[in-house]
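Asks: First the structure, which I've put down as structure tokens, then a few questions once you've had a look.
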Amino acid sequence: MDYKEKIQKLVKDIKAQGIETICFWLPAFNVGGGTYYLCKLAQYLVKNSDLKIYYMDYPNGYPSNLLSETPEVKILHYDEKNLHFPIKEKCAIITNSTRVIQIPNMRSDNKLLFWHYETIPCGWDVVLIDNEAKNYMKLAKKNKAMVYHDWSARNSISMYKNSNFKNKDYLHLYTVPKEVFANENIINKEEINLCFLSRLAPDKKESLYYLIENYARYRTVKKKRLHVIGDGRSKDEVHNFCKKYENEIEFIFTGTIQRENLDEYLINNVDIVFGVGTCVLEASALKLPSVAMIMSSKKLNEDEAYFAYNTKEYSMGILDIQKKDFKIKYSKIKEIIDAVYSVKNGKAIEGEKCYQYFMDNHADYDNIVSKFLTFIKNTTLTYKKLKKCIHFTPYSTITVEKVGSNKLPLLKKITYANVTRYYFLNILIIKKITENNETKYRLLGIKLGASKKKAPYRFPTAQFMDGKKV
């Protein structure tokens, strides 16, 4: 059975579970890889299956823009004040692991799947502010509801208080195979042309910095160039850092290059591409030597990275704190440059190995879609089960105030919608419900009655200005 046949069988299996609707949930205004990925899945399914496909987005958000030419994908507008899910039929929802706090009240039998695509560890105790994180992890693990984009994501979520996710369910990166390829020859025999391709963001800039520091130390009679492709909020900081190395390296800052123009630029100007994430695959698909970097939010005293073909479990970039556990073959920056420039046909050899890795692992979209549908089929996490773990949904609407210990506070106040609850040692003591001008109270579950708010009389007639011209 090929993947297309498998996809159709999986659609039938999912419909046999009573699900004919899938909702992708990742509202965003910013341009992001995860958002783009889910939109492509939505477009594929709406064109290649008879499932109903929805996407939850902000009004005029980035997904709405991406899906503007695919009206078959119905856009739902996200409003954090809306406590109820608009789709009434049984549905499967996929969202990022941290967006669990946006899930509203819905059918108890709706299925949930979470995709964790962060490499940097999340602040789970900031996301789930009333100590639900550990139970949430257990719930997702027990119900096969957590999948990842690669090894680094699975490892990062497992860092939370020994959550230790062992399932290797990867909804991994994909890049469209190319119709053109890089020249096997060096761009210019008198030059070294490296490229850093990535967003200039806080979680990526340290990777660029250590590449620059190692490149500056590289001894050669050739002219050294570094093409920096990308933009982001760390751009000014990056430019200032590079000024210190202008005597060693010629920097070419291109800003963001649109997808339709990027391949041509890389083919014509670059011999080795360094980066993190999808950009490493984009370069591999062009038969360019492609290298994944180590990442950190702090300064990296690092001199190693790894060729794309030396990775495992789809990972195109890891944190410095993950390096020891990743256990793959790393190469020093000097060795990477030498492998391309000091070995006969080095560019062609390394480029071909990166390309073969890409074709074997990231070029078959039908494979990825079949994995996604398998995860939807296999997850047993329902809204009913989630509600027992996270009692207030959407969770993003609550506020929690505590006095004393975080785990077992002396006093705690939780406000959700029009209800305020007061706890003593995590025991619910008073529940206050406000509707219109009336407030109802319960003490230890016993009705105490209601109070009505009154205000002094304001003499409205006396405040009308009779002489006012109309």
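The chains in the structure tokens are called A, B, ... from first to last as shown; in each chain the residues are counted from 1, and the ligands are counted from 1 in the order shown.
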When DSSP is applied to the backbone of this structure, which of stretch 243-388 of chain A are assigned strand (DSSP E or B)? Write them out as a PDB file with all heavy atoms, in the first residue's frame.

Replies:
ATOM      1  N   GLU A 250      34.203  39.767   5.197  1.00  0.00           N
ATOM      2  CA  GLU A 250      33.302  40.691   4.509  1.00  0.00           C
ATOM      3  C   GLU A 250      31.869  40.194   4.720  1.00  0.00           C
ATOM      4  O   GLU A 250      31.524  39.068   4.350  1.00  0.00           O
ATOM      5  CB  GLU A 250      33.590  40.749   3.009  1.00  0.00           C
ATOM      6  CG  GLU A 250      32.631  41.677   2.259  1.00  0.00           C
ATOM      7  CD  GLU A 250      32.808  41.644   0.765  1.00  0.00           C
ATOM      8  OE1 GLU A 250      33.840  41.129   0.282  1.00  0.00           O
ATOM      9  OE2 GLU A 250      31.877  42.113   0.059  1.00  0.00           O
ATOM     10  N   PHE A 251      31.051  41.033   5.327  1.00  0.00           N
ATOM     11  CA  PHE A 251      29.662  40.663   5.619  1.00  0.00           C
ATOM     12  C   PHE A 251      28.734  41.219   4.547  1.00  0.00           C
ATOM     13  O   PHE A 251      28.819  42.391   4.173  1.00  0.00           O
ATOM     14  CB  PHE A 251      29.239  41.196   6.993  1.00  0.00           C
ATOM     15  CG  PHE A 251      29.966  40.564   8.140  1.00  0.00           C
ATOM     16  CD1 PHE A 251      31.079  41.179   8.702  1.00  0.00           C
ATOM     17  CD2 PHE A 251      29.555  39.341   8.653  1.00  0.00           C
ATOM     18  CE1 PHE A 251      31.759  40.598   9.756  1.00  0.00           C
ATOM     19  CE2 PHE A 251      30.227  38.749   9.707  1.00  0.00           C
ATOM     20  CZ  PHE A 251      31.346  39.373  10.258  1.00  0.00           C
ATOM     21  N   ILE A 252      27.832  40.368   4.076  1.00  0.00           N
ATOM     22  CA  ILE A 252      26.826  40.781   3.105  1.00  0.00           C
ATOM     23  C   ILE A 252      25.459  40.519   3.741  1.00  0.00           C
ATOM     24  O   ILE A 252      25.046  39.368   3.906  1.00  0.00           O
ATOM     25  CB  ILE A 252      26.964  40.004   1.782  1.00  0.00           C
ATOM     26  CG1 ILE A 252      28.349  40.246   1.187  1.00  0.00           C
ATOM     27  CG2 ILE A 252      25.870  40.410   0.800  1.00  0.00           C
ATOM     28  CD1 ILE A 252      28.661  39.351   0.002  1.00  0.00           C
ATOM     29  N   PHE A 253      24.783  41.586   4.134  1.00  0.00           N
ATOM     30  CA  PHE A 253      23.477  41.463   4.775  1.00  0.00           C
ATOM     31  C   PHE A 253      22.387  41.646   3.715  1.00  0.00           C
ATOM     32  O   PHE A 253      22.253  42.726   3.129  1.00  0.00           O
ATOM     33  CB  PHE A 253      23.313  42.508   5.878  1.00  0.00           C
ATOM     34  CG  PHE A 253      24.273  42.348   7.015  1.00  0.00           C
ATOM     35  CD1 PHE A 253      25.442  43.106   7.068  1.00  0.00           C
ATOM     36  CD2 PHE A 253      24.030  41.437   8.026  1.00  0.00           C
ATOM     37  CE1 PHE A 253      26.340  42.954   8.112  1.00  0.00           C
ATOM     38  CE2 PHE A 253      24.924  41.280   9.077  1.00  0.00           C
ATOM     39  CZ  PHE A 253      26.077  42.034   9.122  1.00  0.00           C
ATOM     40  N   THR A 254      21.636  40.621   3.471  1.00  0.00           N
ATOM     41  CA  THR A 254      20.622  40.675   2.422  1.00  0.00           C
ATOM     42  C   THR A 254      19.230  40.992   2.950  1.00  0.00           C
ATOM     43  O   THR A 254      18.331  41.321   2.178  1.00  0.00           O
ATOM     44  CB  THR A 254      20.542  39.332   1.677  1.00  0.00           C
ATOM     45  OG1 THR A 254      20.001  38.344   2.565  1.00  0.00           O
ATOM     46  CG2 THR A 254      21.906  38.904   1.171  1.00  0.00           C
ATOM     47  N   GLY A 255      19.039  40.880   4.281  1.00  0.00           N
ATOM     48  CA  GLY A 255      17.683  40.930   4.804  1.00  0.00           C
ATOM     49  C   GLY A 255      16.946  39.661   4.416  1.00  0.00           C
ATOM     50  O   GLY A 255      17.545  38.672   3.976  1.00  0.00           O
ATOM     51  N   ILE A 272      28.503  26.945   1.251  1.00  0.00           N
ATOM     52  CA  ILE A 272      28.058  26.205   2.434  1.00  0.00           C
ATOM     53  C   ILE A 272      26.986  27.038   3.140  1.00  0.00           C
ATOM     54  O   ILE A 272      27.152  28.250   3.318  1.00  0.00           O
ATOM     55  CB  ILE A 272      29.201  25.948   3.439  1.00  0.00           C
ATOM     56  CG1 ILE A 272      30.428  25.350   2.766  1.00  0.00           C
ATOM     57  CG2 ILE A 272      28.720  25.018   4.564  1.00  0.00           C
ATOM     58  CD1 ILE A 272      31.624  25.183   3.705  1.00  0.00           C
ATOM     59  N   VAL A 273      25.902  26.378   3.555  1.00  0.00           N
ATOM     60  CA  VAL A 273      24.836  27.062   4.291  1.00  0.00           C
ATOM     61  C   VAL A 273      24.807  26.552   5.728  1.00  0.00           C
ATOM     62  O   VAL A 273      24.738  25.344   5.975  1.00  0.00           O
ATOM     63  CB  VAL A 273      23.466  26.836   3.627  1.00  0.00           C
ATOM     64  CG1 VAL A 273      22.350  27.423   4.489  1.00  0.00           C
ATOM     65  CG2 VAL A 273      23.442  27.462   2.231  1.00  0.00           C
ATOM     66  N   PHE A 274      24.864  27.500   6.671  1.00  0.00           N
ATOM     67  CA  PHE A 274      24.710  27.202   8.093  1.00  0.00           C
ATOM     68  C   PHE A 274      23.358  27.761   8.542  1.00  0.00           C
ATOM     69  O   PHE A 274      22.949  28.835   8.090  1.00  0.00           O
ATOM     70  CB  PHE A 274      25.815  27.866   8.921  1.00  0.00           C
ATOM     71  CG  PHE A 274      27.192  27.325   8.676  1.00  0.00           C
ATOM     72  CD1 PHE A 274      27.948  27.764   7.585  1.00  0.00           C
ATOM     73  CD2 PHE A 274      27.751  26.394   9.535  1.00  0.00           C
ATOM     74  CE1 PHE A 274      29.227  27.283   7.354  1.00  0.00           C
ATOM     75  CE2 PHE A 274      29.035  25.900   9.313  1.00  0.00           C
ATOM     76  CZ  PHE A 274      29.774  26.341   8.224  1.00  0.00           C
ATOM     77  N   GLY A 275      22.674  27.057   9.427  1.00  0.00           N
ATOM     78  CA  GLY A 275      21.400  27.579   9.892  1.00  0.00           C
ATOM     79  C   GLY A 275      20.757  26.665  10.910  1.00  0.00           C
ATOM     80  O   GLY A 275      21.389  25.753  11.458  1.00  0.00           O
ATOM     81  N   SER A 290      25.076  21.529   3.775  1.00  0.00           N
ATOM     82  CA  SER A 290      24.156  22.181   4.699  1.00  0.00           C
ATOM     83  C   SER A 290      24.453  21.745   6.130  1.00  0.00           C
ATOM     84  O   SER A 290      24.583  20.556   6.405  1.00  0.00           O
ATOM     85  CB  SER A 290      22.712  21.826   4.337  1.00  0.00           C
ATOM     86  OG  SER A 290      22.488  22.065   2.956  1.00  0.00           O
ATOM     87  N   VAL A 291      24.519  22.731   7.013  1.00  0.00           N
ATOM     88  CA  VAL A 291      25.023  22.480   8.362  1.00  0.00           C
ATOM     89  C   VAL A 291      24.051  23.030   9.403  1.00  0.00           C
ATOM     90  O   VAL A 291      23.629  24.183   9.331  1.00  0.00           O
ATOM     91  CB  VAL A 291      26.404  23.143   8.555  1.00  0.00           C
ATOM     92  CG1 VAL A 291      26.951  22.840   9.942  1.00  0.00           C
ATOM     93  CG2 VAL A 291      27.369  22.669   7.470  1.00  0.00           C
ATOM     94  N   ALA A 292      23.684  22.199  10.383  1.00  0.00           N
ATOM     95  CA  ALA A 292      22.813  22.613  11.484  1.00  0.00           C
ATOM     96  C   ALA A 292      23.662  23.085  12.662  1.00  0.00           C
ATOM     97  O   ALA A 292      24.682  22.483  12.988  1.00  0.00           O
ATOM     98  CB  ALA A 292      21.912  21.464  11.912  1.00  0.00           C
ATOM     99  N   ILE A 294      24.329  24.667  16.713  1.00  0.00           N
ATOM    100  CA  ILE A 294      23.956  24.569  18.131  1.00  0.00           C
ATOM    101  C   ILE A 294      23.315  25.897  18.523  1.00  0.00           C
ATOM    102  O   ILE A 294      23.728  26.961  18.066  1.00  0.00           O
ATOM    103  CB  ILE A 294      25.184  24.300  19.016  1.00  0.00           C
ATOM    104  CG1 ILE A 294      26.048  23.176  18.427  1.00  0.00           C
ATOM    105  CG2 ILE A 294      24.765  23.985  20.443  1.00  0.00           C
ATOM    106  CD1 ILE A 294      25.356  21.851  18.299  1.00  0.00           C
ATOM    107  N   MET A 295      22.305  25.857  19.382  1.00  0.00           N
ATOM    108  CA  MET A 295      21.593  27.073  19.784  1.00  0.00           C
ATOM    109  C   MET A 295      21.685  27.298  21.292  1.00  0.00           C
ATOM    110  O   MET A 295      21.861  26.361  22.065  1.00  0.00           O
ATOM    111  CB  MET A 295      20.128  26.984  19.393  1.00  0.00           C
ATOM    112  CG  MET A 295      19.856  26.960  17.911  1.00  0.00           C
ATOM    113  SD  MET A 295      18.069  26.932  17.575  1.00  0.00           S
ATOM    114  CE  MET A 295      17.661  25.263  18.115  1.00  0.00           C
ATOM    115  N   GLU A 304      31.673  23.642  17.181  1.00  0.00           N
ATOM    116  CA  GLU A 304      31.167  22.502  16.427  1.00  0.00           C
ATOM    117  C   GLU A 304      29.749  22.736  15.917  1.00  0.00           C
ATOM    118  O   GLU A 304      28.981  23.525  16.478  1.00  0.00           O
ATOM    119  CB  GLU A 304      31.190  21.232  17.288  1.00  0.00           C
ATOM    120  CG  GLU A 304      32.597  20.732  17.599  1.00  0.00           C
ATOM    121  CD  GLU A 304      32.586  19.426  18.364  1.00  0.00           C
ATOM    122  OE1 GLU A 304      31.685  19.231  19.203  1.00  0.00           O
ATOM    123  OE2 GLU A 304      33.478  18.589  18.118  1.00  0.00           O
ATOM    124  N   ALA A 305      29.413  22.036  14.857  1.00  0.00           N
ATOM    125  CA  ALA A 305      28.061  21.970  14.304  1.00  0.00           C
ATOM    126  C   ALA A 305      27.947  20.586  13.659  1.00  0.00           C
ATOM    127  O   ALA A 305      28.806  19.729  13.903  1.00  0.00           O
ATOM    128  CB  ALA A 305      27.845  23.091  13.292  1.00  0.00           C
ATOM    129  N   TYR A 306      26.913  20.354  12.839  1.00  0.00           N
ATOM    130  CA  TYR A 306      26.850  19.041  12.198  1.00  0.00           C
ATOM    131  C   TYR A 306      26.193  19.138  10.823  1.00  0.00           C
ATOM    132  O   TYR A 306      25.253  19.899  10.606  1.00  0.00           O
ATOM    133  CB  TYR A 306      26.123  18.016  13.068  1.00  0.00           C
ATOM    134  CG  TYR A 306      24.703  18.354  13.483  1.00  0.00           C
ATOM    135  CD1 TYR A 306      23.611  17.894  12.743  1.00  0.00           C
ATOM    136  CD2 TYR A 306      24.447  19.087  14.642  1.00  0.00           C
ATOM    137  CE1 TYR A 306      22.314  18.173  13.128  1.00  0.00           C
ATOM    138  CE2 TYR A 306      23.152  19.369  15.033  1.00  0.00           C
ATOM    139  CZ  TYR A 306      22.089  18.914  14.275  1.00  0.00           C
ATOM    140  OH  TYR A 306      20.802  19.190  14.653  1.00  0.00           O
ATOM    141  N   PHE A 307      26.766  18.358   9.883  1.00  0.00           N
ATOM    142  CA  PHE A 307      26.174  18.265   8.564  1.00  0.00           C
ATOM    143  C   PHE A 307      24.771  17.658   8.683  1.00  0.00           C
ATOM    144  O   PHE A 307      24.522  16.808   9.540  1.00  0.00           O
ATOM    145  CB  PHE A 307      27.027  17.393   7.645  1.00  0.00           C
ATOM    146  CG  PHE A 307      28.214  18.094   7.046  1.00  0.00           C
ATOM    147  CD1 PHE A 307      29.509  17.789   7.462  1.00  0.00           C
ATOM    148  CD2 PHE A 307      28.041  19.063   6.055  1.00  0.00           C
ATOM    149  CE1 PHE A 307      30.607  18.426   6.901  1.00  0.00           C
ATOM    150  CE2 PHE A 307      29.132  19.707   5.489  1.00  0.00           C
ATOM    151  CZ  PHE A 307      30.416  19.398   5.910  1.00  0.00           C
ATOM    152  N   ILE A 318      19.981  21.928  17.634  1.00  0.00           N
ATOM    153  CA  ILE A 318      19.757  21.532  19.022  1.00  0.00           C
ATOM    154  C   ILE A 318      20.312  22.604  19.951  1.00  0.00           C
ATOM    155  O   ILE A 318      21.083  23.477  19.542  1.00  0.00           O
ATOM    156  CB  ILE A 318      20.437  20.182  19.348  1.00  0.00           C
ATOM    157  CG1 ILE A 318      21.952  20.290  19.102  1.00  0.00           C
ATOM    158  CG2 ILE A 318      19.818  19.062  18.550  1.00  0.00           C
ATOM    159  CD1 ILE A 318      22.742  19.136  19.669  1.00  0.00           C
ATOM    160  N   LEU A 319      19.923  22.528  21.208  1.00  0.00           N
ATOM    161  CA  LEU A 319      20.459  23.426  22.234  1.00  0.00           C
ATOM    162  C   LEU A 319      21.799  22.914  22.731  1.00  0.00           C
ATOM    163  O   LEU A 319      22.086  21.708  22.671  1.00  0.00           O
ATOM    164  CB  LEU A 319      19.494  23.516  23.412  1.00  0.00           C
ATOM    165  CG  LEU A 319      18.111  24.106  23.140  1.00  0.00           C
ATOM    166  CD1 LEU A 319      17.243  23.957  24.377  1.00  0.00           C
ATOM    167  CD2 LEU A 319      18.216  25.563  22.727  1.00  0.00           C
ATOM    168  N   SER A 331      31.086  18.099  13.840  1.00  0.00           N
ATOM    169  CA  SER A 331      32.299  18.516  13.129  1.00  0.00           C
ATOM    170  C   SER A 331      32.658  19.931  13.553  1.00  0.00           C
ATOM    171  O   SER A 331      31.782  20.771  13.756  1.00  0.00           O
ATOM    172  CB  SER A 331      32.069  18.497  11.611  1.00  0.00           C
ATOM    173  OG  SER A 331      31.700  17.215  11.169  1.00  0.00           O
ATOM    174  N   LYS A 332      33.952  20.192  13.681  1.00  0.00           N
ATOM    175  CA  LYS A 332      34.395  21.541  13.988  1.00  0.00           C
ATOM    176  C   LYS A 332      34.158  22.432  12.767  1.00  0.00           C
ATOM    177  O   LYS A 332      34.189  21.957  11.626  1.00  0.00           O
ATOM    178  CB  LYS A 332      35.864  21.544  14.391  1.00  0.00           C
ATOM    179  CG  LYS A 332      36.126  20.792  15.699  1.00  0.00           C
ATOM    180  CD  LYS A 332      37.544  20.998  16.179  1.00  0.00           C
ATOM    181  CE  LYS A 332      37.794  20.231  17.477  1.00  0.00           C
ATOM    182  NZ  LYS A 332      36.895  20.659  18.578  1.00  0.00           N
ATOM    183  N   THR A 382      -9.737  13.265  24.939  1.00  0.00           N
ATOM    184  CA  THR A 382     -10.966  13.986  24.636  1.00  0.00           C
ATOM    185  C   THR A 382     -11.058  15.242  25.493  1.00  0.00           C
ATOM    186  O   THR A 382     -10.346  15.382  26.495  1.00  0.00           O
ATOM    187  CB  THR A 382     -12.201  13.121  24.913  1.00  0.00           C
ATOM    188  OG1 THR A 382     -12.209  12.772  26.313  1.00  0.00           O
ATOM    189  CG2 THR A 382     -12.175  11.853  24.071  1.00  0.00           C
TER     190      THR A 382
END

Asks: Excluding A:Ser451 and its own-chain neighbours fewer than 5 positions away, which residues fall within 9 Å of it when counting only C-alpha atoms? Please give them as a list in words.

Replies: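 Here the qualifying residues turn out to be Asn437, Glu438, Thr439, Lys440 and Tyr441 of chain A.
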
Asks: Compare A:Val73, A:Met146, A:Ala16, A:Met159 by their minimum atom-to-atom distance to A:Cys122, counting only C-alpha atoms, and give me the closest one.

Replies: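 Ranked by minimum distance to A:Cys122, first place goes to A:Met159.
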
Asks: When distances are computed from only C-alpha atoms, which of A:Leu373, A:Phe114, A:Arg219, A:Val126 shows the smallest separation from A:Ala42?

Replies: A:Leu373

Asks: List as an MDAnalysis selection string the protein and nucleic acid residues near A:Leu281, meaning an atom at most 9 Å away when only C-alpha atoms are counted, but skip any in the same chain fewer than 2 places from it.

Replies: chainID A and resid 173:175 277:279 283:286 290 308 316 354:355 358 362

Asks: Hey, can you check how far atom CA of A:Asn310 sits from atom CA of A:Gly33?

Replies: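 Distance between the two atoms: 22.9 Å.
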
Asks: List the neighbours of A:Lys81 out to 8 Å using only C-alpha atoms; skip same-chain residues closer than 2 positions along the sequence, and give me the result as a PyMOL selection string.

Replies: chain A and resi 79+83+397

Asks: Which residue is closest to A:Ser163? Choose from A:Ser97, A:Asn135, A:Asn143, A:Asn214 and count only C-alpha atoms.

Replies: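 Going through A:Ser97, A:Asn135, A:Asn143, A:Asn214 one by one, the smallest distance to A:Ser163 is for A:Asn135.
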
Asks: Would you mind reading off the distance between atom CA of A:Glu184 and atom CA of A:Ser198, one decimal, in Å?

Replies: 23.6 Å

Asks: Pick the closest to A:Ile93 from A:Ala348, A:Cys242, A:Ile19, A:Leu67: which is it, counting only C-alpha atoms?

Replies: A:Ile19

Asks: Between atom CA of A:Ala153 and atom CA of A:Glu335, what distance in Å does the model show, to one decimal?

Replies: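 Taking atom CA of A:Ala153 as the start and atom CA of A:Glu335 as the end point, the length is 27.6 Å.
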
Asks: Give me the residues near A:Lys12 as number ranges by chain, where near means some atom within 12 Å (using only C-alpha atoms) and where sequence neighbours in that chain fewer than 3 positions away do not count.

Replies: A: 5-9, 15-20, 49-51, 373-374, 377

Asks: Find the residues around A:Tyr416 up to 10 Å (only C-alpha atoms counted), leave out those fewer than 4 positions away in its own chain, and share them as a list in words.

Replies: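 Final neighbour list, sorted by chain and number: Phe392, Thr393, Pro394, Tyr395, Ser396, Thr397, Ile398, Thr399, Val400, Thr420, Arg421 and Ile433 of chain A.
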
Asks: Save out the residues we just selected, N, CA and C atoms, as a short mmCIF file (atom, residue, chain, number, x, y, z; two decimals), in the first residue's frame.

Replies:
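Ended up saving to result.cif:
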data_model
loop_
_atom_site.label_atom_id
_atom_site.label_comp_id
_atom_site.auth_asym_id
_atom_site.auth_seq_id
_atom_site.Cartn_x
_atom_site.Cartn_y
_atom_site.Cartn_z
N PHE A 392 -10.71 24.90 34.23
CA PHE A 392 -11.28 26.13 33.69
C PHE A 392 -10.87 26.28 32.23
N THR A 393 -11.85 26.27 31.32
CA THR A 393 -11.53 26.43 29.90
C THR A 393 -12.46 27.48 29.30
N PRO A 394 -11.92 28.37 28.44
CA PRO A 394 -10.50 28.49 28.11
C PRO A 394 -9.69 28.98 29.30
N TYR A 395 -8.58 28.32 29.53
CA TYR A 395 -7.73 28.57 30.69
C TYR A 395 -7.13 29.97 30.65
N SER A 396 -6.96 30.52 29.45
CA SER A 396 -6.34 31.84 29.31
C SER A 396 -7.18 32.96 29.92
N THR A 397 -8.44 32.66 30.29
CA THR A 397 -9.30 33.70 30.85
C THR A 397 -9.27 33.75 32.38
N ILE A 398 -8.53 32.86 33.02
CA ILE A 398 -8.55 32.85 34.49
C ILE A 398 -7.43 33.73 35.06
N THR A 399 -7.61 34.14 36.29
CA THR A 399 -6.54 34.76 37.09
C THR A 399 -6.46 34.01 38.42
N VAL A 400 -5.24 33.83 38.89
CA VAL A 400 -5.01 33.09 40.13
C VAL A 400 -4.18 33.95 41.07
N THR A 420 -16.04 33.75 40.99
CA THR A 420 -14.83 33.84 41.79
C THR A 420 -14.89 32.78 42.88
N ARG A 421 -13.78 32.04 43.03
CA ARG A 421 -13.72 30.96 44.01
C ARG A 421 -12.61 31.27 45.02
N ILE A 433 -20.92 34.05 42.44
CA ILE A 433 -21.36 34.14 41.05
C ILE A 433 -22.07 35.47 40.86
#

Asks: Go through stretch 197-365 of chain A and collect every residue that DSSP, computed from the backbone, puts in alpha helix (DSSP H); the answer should be as an MDAnalysis selection string.

Replies: chainID A and resid 202:217 235:243 259:269 278:284 323:326 333:341 346:361 365
